[in-house]
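Each remark here refers to the structure printed beneath this line.
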Amino acid sequence: MSDHSAKSQTGVRVRFAPSPTGYLHVGGARTALFNWLFARRERGTMILRIEDTDAERNKPELVTGIIDGLQWLGVDWDEGPFYQSQRTAFYQEAGKKCLANGSAFLCYCPAEKYVGGDHAVEGAETTQVRRISRCSCRDGKPSTPDVKPAIRFKVPVGGTTKFLDAVFGEREFSNDEIEDFVLVRSGKGEEEFGQAMYQLSAVVDDIDMRITHVIRGADHISNTPKQVLLYRALAAEIPIFAHLPLILGPDKSRLSKRHGATDVNMYRSEGFLPEAFRNFLALLGWSPGGDEEFLRTSQLLEKFTLQDVSRTNAVFDRPKLEWFNTQYLQKLPVEELLPEVEQQLNASKLWKEEWATGAGREWFARTVDLLRPRIRLLPDFSSWSRAFFSDDFVRDPAAKEKFWKEPAKIKELLGQTADALAAVTDWSHDPCDHATRGVAEAAGVKAGLLINAIRVAIVGQAVAPPLFDTMVVLGQERVVRRLREACAELG
RNA sequence: GCCGCUAUGGUGCAACGGUUAGCACGUAGCCCUUUCAAGGCUAAAAUACGGGUUCGAUUCCCGUUAGCGGUACCA
């Protein structure tokens with residue numbers, strides 16, 4: 001999908017491996033972003049792999065949404081997407097290899113036996129814990145013709161398994177805490193075996209794809225010793241792991257739908273700029289050290305290291321995201337903003353072709369530039385500032401209430417202003433300013449009173465950019481016309 | 001229950017044995033002002049608790065508590 005692989009100069013290979021059981025959520029996006037930052041920073045290779053080995057829970061149509069989300073974020077990849085559902089035989093082969101070398105065994109236990117796994121049994125006088133750590137099939141059990149076996153890993157008895165984590169450091173787990181996990185599901189119908197389980201498919205693919213750094217959420221930290229055991233059983237080199245702290249909701253529980261939007265595509269449609277969202281996401285669980293400024297992608301790439309990744313879970317703070325968005329809205333070169341605004345206006349049927357080129361384009365750029373300090377989200381361009389792009393707007397009742405307190409007097413003033421402005425020959429800031437203030441002075445009212453009243457008349461809102469700049473952008477004909485319309489509206 | 005991870009203002013991060021514990025978001029106030037933002041200035045606000053180690057702990061060790069993760073023929 002890109003030409004990055006051609007530029008790869010190091011052996012660093014990472015992957016983002018979402019499971020299409022839902023949309024691309026914030027946590028997944030952050031994981032993808034960190035993998036991407038690391039790959040690009042190290043001039044390595046980024047791989048996209050779809051982990052869809054659970055036929056029951058998978059929804060293939062969701063892959064599109066995940067890919068859209070990644071593209072919006074600016075995360076691209078060099079290889080893939082690869083689909084695990086298409087590699088079943090490959091994993092089964094690896095499972096059989098483990099069987100052959102004695103690191104796995106056939107398990108004839110009914111699948112239901114383990115549903116729920118180890119857990120505390122409620123209600124008993126003393127808490128009973130059902131353990132499945134060591135399956136009774138591990139030393140062999142005669143095959144029964146009517147029962148199809150699954151393949152389970154034979155976890156060593158005693159001892160420990162350790163691995164290196166670039167974020168959490170050296171980690172060691174006791175083997176006795178690891179259950180004999182399933183590698184390959186039992187077959188249904190004619191098939192000998194079913195699909196591989198996550199632990200096997202992930203490891204087999206990471207080996208096959210020569211992944212050097214496994215960067216993923218910290219929820220996988222206790223899966224890691226199992227995978228290390230598998231690497232050994234398959235006689236493969238163990239990669240470096242980097243577990244990322246989880247993203248929590250404001251109540252510190254794991255971020256979920258009840259906290260609001262968790263789908264990155266929802267942030268896109270809400271009108272966040274991808275660069276702002278990316279900057280915010282990058283700072284969740286990572287910081288460059290000193291000042292946390294607004295960072296363009298190049299600066300992010302320059303500073304990103306796994307060593308600076310935090311070990312503590314981070315709360316997703318929406319107000320800060322919005323702040324980043326307003327910052328980008330203001331500081332990005334206007335040219336970068338124009339396509340986004342154009343798309344927004346297009347979606348709300350306000351777009352006019354004349355703004356695409358030449359003088360129209362210049363006007364469009366000037367208007368966007370004038371508007372942007374007051375915009376929070378992209379859709380504000382077509383709602384809040386509708387009057388700048390269309391004559392079809394409504395004067396906000398609350399604004400009239402606030403600035404048209406004495407209708408008769410306001411009507412008279414607006415009428416005088418319309419006349420004064422109609423007479424202006426050089427339609428620019430200062431002449432508009434002088435003409436308007438002249439009307440206020442002649443009528444003996446404070447300029448502010450008139451200015452506020454005019455604002456409501458020409459843009460229909462209590463809030464807008466500085467009035468005379470607004471007049472310039474709207475143009476003389478429109479301003480005068482709207483002032484007269486307002487007079488009519490006042491009775 | 002068991003295993004593991006984590007613990008600095010409300011939030012995100014700094015300080016990686018010695019600082020008046022710093023920055024940013026948010027909050028409050030002031031300035032600017034033509035509305036609202038932006039911007040500038042100021043303020044309130046933190047080392048979870050208890051033990052050690054040390055001349056000295058936010059920092060190292062232990063315990064407690066809390067949150068989170070795992071404990072599936074989910075990923």
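Letters A, B, ... mark the chains of the structure tokens in the order given; residue numbers begin at 1 per chain; ligand numbers begin at 1, in order shown.
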
Report task. Please identify all polymer residues within 12 Å of Glu412 (chain A), counting only C-alpha atoms (C1' of nucleotides), omitting same-chain residues fewer than 3 positions from it, and present them as a list in words. Result ->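 Contacts, with the query itself left out: Trp404, Glu406, Pro407, Ala408, Lys409, Gly415, Gln416, Thr417, Ala418, Asp419, Val439, Ala440, Ala443, Leu450, Ala453, Ile454, Leu483, Arg484, Ala486, Cys487, Ala488, Leu490 and Gly491 of chain A.
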
Can you spit out the residues from that selection as a compact mmCIF listing (two decimals), in the first residue's frame, using C-alpha atoms?
# COMPACT_ATOMS: atom_id res chain seq x y z
CA TRP A 404 -32.01 43.72 19.57
CA GLU A 406 -35.26 47.91 21.51
CA PRO A 407 -36.61 46.80 18.11
CA ALA A 408 -37.85 50.19 16.94
CA LYS A 409 -34.60 51.92 17.66
CA GLY A 415 -31.63 51.26 8.20
CA GLN A 416 -29.26 54.19 8.56
CA THR A 417 -26.31 51.82 8.54
CA ALA A 418 -27.53 50.16 5.39
CA ASP A 419 -27.65 53.54 3.69
CA VAL A 439 -23.98 56.25 12.15
CA ALA A 440 -23.59 55.51 15.86
CA ALA A 443 -27.52 58.80 16.52
CA LEU A 450 -24.73 49.20 16.90
CA ALA A 453 -26.97 44.70 16.45
CA ILE A 454 -25.36 44.60 13.01
CA LEU A 483 -29.34 44.83 6.91
CA ARG A 484 -32.50 45.68 5.01
CA ALA A 486 -33.24 42.62 9.22
CA CYS A 487 -35.19 45.88 9.20
CA ALA A 488 -38.08 44.04 7.61
CA LEU A 490 -37.97 43.96 12.93
CA GLY A 491 -41.38 44.95 11.68

Requested in this report: Mind checking which residues fall within 12 Å of G51 (chain B), counting only C-alpha atoms (C1' of nucleotides), ignoring those fewer than 6 positions away in the same chain, and posting them as number ranges by chain?
Outcome: B: 61-64

Query raised in the report: Using the chain letters and numbers from this document, which residues of region 11-209 of chain A does DSSP assign to strand (DSSP E or B), as a ChimeraX atom specification?
Result: /A:13-16,25,45-50,79-83,104-107,119-121,128-130,150-153,160-165,169-174,182-186,193-196

Only C-alpha atoms, please: the residues just picked out, written as a PDB file, in the first residue's frame.
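Full text of part.pdb as output:
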ATOM      1  CA  ARG A  13       9.301  -5.617  11.664  1.00  0.00           C
ATOM      2  CA  VAL A  14       6.122  -4.890  13.591  1.00  0.00           C
ATOM      3  CA  ARG A  15       2.465  -5.621  13.094  1.00  0.00           C
ATOM      4  CA  PHE A  16      -0.933  -4.344  14.063  1.00  0.00           C
ATOM      5  CA  HIS A  25     -11.632   1.499  18.924  1.00  0.00           C
ATOM      6  CA  THR A  45       8.343  -2.645   8.189  1.00  0.00           C
ATOM      7  CA  MET A  46       4.720  -2.376   9.285  1.00  0.00           C
ATOM      8  CA  ILE A  47       2.360  -5.277   8.731  1.00  0.00           C
ATOM      9  CA  LEU A  48      -1.421  -5.428   9.017  1.00  0.00           C
ATOM     10  CA  ARG A  49      -2.881  -8.738  10.055  1.00  0.00           C
ATOM     11  CA  ILE A  50      -6.529  -9.509  10.647  1.00  0.00           C
ATOM     12  CA  GLU A  79       2.548  -5.754   4.011  1.00  0.00           C
ATOM     13  CA  GLY A  80      -0.915  -7.206   4.303  1.00  0.00           C
ATOM     14  CA  PRO A  81      -3.641  -7.222   5.249  1.00  0.00           C
ATOM     15  CA  PHE A  82      -3.246 -10.900   5.944  1.00  0.00           C
ATOM     16  CA  TYR A  83      -6.245 -12.871   7.142  1.00  0.00           C
ATOM     17  CA  ALA A 104       1.424 -30.617  23.117  1.00  0.00           C
ATOM     18  CA  PHE A 105      -1.159 -33.353  23.567  1.00  0.00           C
ATOM     19  CA  LEU A 106      -4.568 -34.349  22.348  1.00  0.00           C
ATOM     20  CA  CYS A 107      -7.360 -33.428  24.704  1.00  0.00           C
ATOM     21  CA  HIS A 119     -13.110 -19.018  38.729  1.00  0.00           C
ATOM     22  CA  ALA A 120     -14.269 -18.588  42.239  1.00  0.00           C
ATOM     23  CA  VAL A 121     -17.407 -20.569  42.868  1.00  0.00           C
ATOM     24  CA  GLN A 128     -13.711 -23.072  46.046  1.00  0.00           C
ATOM     25  CA  VAL A 129     -11.620 -22.579  43.011  1.00  0.00           C
ATOM     26  CA  ARG A 130     -11.886 -24.827  40.052  1.00  0.00           C
ATOM     27  CA  ALA A 150      -8.416 -30.472  20.570  1.00  0.00           C
ATOM     28  CA  ILE A 151      -4.697 -29.829  20.777  1.00  0.00           C
ATOM     29  CA  ARG A 152      -3.508 -28.436  24.074  1.00  0.00           C
ATOM     30  CA  PHE A 153      -0.086 -27.184  24.991  1.00  0.00           C
ATOM     31  CA  THR A 160       9.485 -20.164  35.359  1.00  0.00           C
ATOM     32  CA  THR A 161       9.235 -18.474  32.002  1.00  0.00           C
ATOM     33  CA  LYS A 162      10.717 -15.063  31.464  1.00  0.00           C
ATOM     34  CA  PHE A 163      10.790 -12.519  28.708  1.00  0.00           C
ATOM     35  CA  LEU A 164      11.997  -9.015  27.996  1.00  0.00           C
ATOM     36  CA  ASP A 165       9.497  -6.226  27.763  1.00  0.00           C
ATOM     37  CA  GLY A 169      11.324  -4.595  31.754  1.00  0.00           C
ATOM     38  CA  GLU A 170      12.346  -8.169  32.597  1.00  0.00           C
ATOM     39  CA  ARG A 171       9.271 -10.289  33.473  1.00  0.00           C
ATOM     40  CA  GLU A 172       9.075 -13.724  35.020  1.00  0.00           C
ATOM     41  CA  PHE A 173       6.056 -15.986  35.459  1.00  0.00           C
ATOM     42  CA  SER A 174       5.727 -19.248  37.312  1.00  0.00           C
ATOM     43  CA  VAL A 182      -5.768 -24.929  23.783  1.00  0.00           C
ATOM     44  CA  LEU A 183      -3.790 -24.537  20.581  1.00  0.00           C
ATOM     45  CA  VAL A 184      -6.219 -25.915  18.031  1.00  0.00           C
ATOM     46  CA  ARG A 185      -9.971 -26.316  18.428  1.00  0.00           C
ATOM     47  CA  SER A 186     -11.504 -29.730  18.020  1.00  0.00           C
ATOM     48  CA  PHE A 193      -9.286 -30.210  13.735  1.00  0.00           C
ATOM     49  CA  GLY A 194     -10.931 -26.838  13.908  1.00  0.00           C
ATOM     50  CA  GLN A 195      -9.397 -23.403  13.740  1.00  0.00           C
ATOM     51  CA  ALA A 196      -6.355 -22.407  15.736  1.00  0.00           C
TER      52      ALA A 196
END

Report task. Identify which of the residues B:A46, B:A7, B:A75, B:C36 lies closest to A21 (chain B), counting only C-alpha atoms (C1' of nucleotides) when measuring atom-to-atom distances. Result -> B:A46

**Report entry** Shell of 9 Å around Arg268 (chain A), only C-alpha atoms (C1' of nucleotides), local chain residues under 3 positions omitted, as a PyMOL selection string
**Finding:** chain A and resi 69+72+264-265+271-274+277

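When CA of Asp433 (chain A) is paired with CA of Val472 (chain A), their separation reads 10.5 Å.
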
**Report entry** All residues 12 Å or closer to region 24-30 of chain B, only C-alpha atoms (C1' of nucleotides), same chain fewer than 5 positions away omitted, as a PyMOL selection string
**Finding:** (chain A and resi 280+283+287+290-294+316-324) or (chain B and resi 9-14+40-45)

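Ranking A:Leu329, A:Leu378, A:Val394, A:Ala282 by their shortest atom-to-atom distance to Leu300 (chain A), with only C-alpha atoms included, puts A:Ala282 first.
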
Requested in this report: Find the residues near Asp396 (chain A): any atom within 8 Å, counting only C-alpha atoms (C1' of nucleotides), skip ones fewer than 4 places away on the same chain, and give them as a list in words.
Outcome: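 Listed by chain and then number, they are Lys400, Val456, Gly460, Gln461 and Ala462 of chain A.
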
Query - For region 348-365 of chain A: contacts at 10 Å, only C-alpha atoms (C1' of nucleotides), fewer than 3 positions along chain excluded, given as a ChimeraX atom specification - result: /A:334-335,337-339,341-345,368-371,379,381-383,386,388-390,392,473-474

Report task. DSSP on the backbone, then: every residue of region 207-294 of chain A marked helix (DSSP H, G or I), written as a PyMOL selection string. Result -> chain A and resi 207-208+218-220+224-233+257-259+264-270+274-282

Report task. For chain B, report every residue with an atom at most 12 Å from chain A (counting only C-alpha atoms (C1' of nucleotides)), formatted as an MDAnalysis selection string. Result -> chainID B and resid 1:8 10:16 22:26 33:39 66:75

File of the preceding selection, C-alpha atoms (C1' of nucleotides), as a PDB file, in the first residue's frame:
ATOM      1  C1'   G B   1     -10.372 -16.814  44.965  1.00  0.00           C
ATOM      2  C1'   C B   2      -5.501 -17.169  42.444  1.00  0.00           C
ATOM      3  C1'   C B   3      -1.610 -14.818  39.438  1.00  0.00           C
ATOM      4  C1'   G B   4       0.238 -10.359  37.462  1.00  0.00           C
ATOM      5  C1'   C B   5       0.661  -4.995  36.478  1.00  0.00           C
ATOM      6  C1'   U B   6       0.201  -0.027  38.232  1.00  0.00           C
ATOM      7  C1'   A B   7      -0.101   4.109  41.926  1.00  0.00           C
ATOM      8  C1'   U B   8       2.689  12.349  41.376  1.00  0.00           C
ATOM      9  C1'   G B  10      -9.672  16.392  38.638  1.00  0.00           C
ATOM     10  C1'   U B  11      -6.941  14.627  33.759  1.00  0.00           C
ATOM     11  C1'   G B  12      -2.286  13.621  30.614  1.00  0.00           C
ATOM     12  C1'   C B  13       2.796  13.765  31.531  1.00  0.00           C
ATOM     13  C1'   A B  14       8.124  15.730  33.967  1.00  0.00           C
ATOM     14  C1'   A B  15      11.390  15.215  38.058  1.00  0.00           C
ATOM     15  C1'   C B  16      14.832   8.455  36.939  1.00  0.00           C
ATOM     16  C1'   G B  22       7.857  21.331  36.718  1.00  0.00           C
ATOM     17  C1'   C B  23       4.648  21.519  32.111  1.00  0.00           C
ATOM     18  C1'   A B  24      -0.067  21.003  29.612  1.00  0.00           C
ATOM     19  C1'   C B  25      -5.657  20.261  29.653  1.00  0.00           C
ATOM     20  C1'   G B  26      -9.559  21.589  32.818  1.00  0.00           C
ATOM     21  C1'   U B  33     -12.127  43.849  23.779  1.00  0.00           C
ATOM     22  C1'   U B  34     -17.313  45.108  19.502  1.00  0.00           C
ATOM     23  C1'   U B  35     -19.811  39.529  20.571  1.00  0.00           C
ATOM     24  C1'   C B  36     -17.425  34.914  21.377  1.00  0.00           C
ATOM     25  C1'   A B  37     -13.021  32.595  21.057  1.00  0.00           C
ATOM     26  C1'   A B  38      -7.843  33.076  20.869  1.00  0.00           C
ATOM     27  C1'   G B  39      -3.783  35.324  23.452  1.00  0.00           C
ATOM     28  C1'   A B  66      -7.289   0.784  45.416  1.00  0.00           C
ATOM     29  C1'   G B  67      -7.670   0.395  40.084  1.00  0.00           C
ATOM     30  C1'   C B  68      -6.727  -2.476  36.013  1.00  0.00           C
ATOM     31  C1'   G B  69      -5.413  -7.047  33.410  1.00  0.00           C
ATOM     32  C1'   G B  70      -5.342 -12.434  33.027  1.00  0.00           C
ATOM     33  C1'   U B  71      -7.337 -16.784  34.817  1.00  0.00           C
ATOM     34  C1'   A B  72     -12.232 -19.330  27.584  1.00  0.00           C
ATOM     35  C1'   C B  73     -12.154 -24.899  22.306  1.00  0.00           C
ATOM     36  C1'   C B  74     -12.511 -15.130  22.896  1.00  0.00           C
ATOM     37  C1'   A B  75      -8.780 -12.136  20.865  1.00  0.00           C
TER      38        A B  75
END
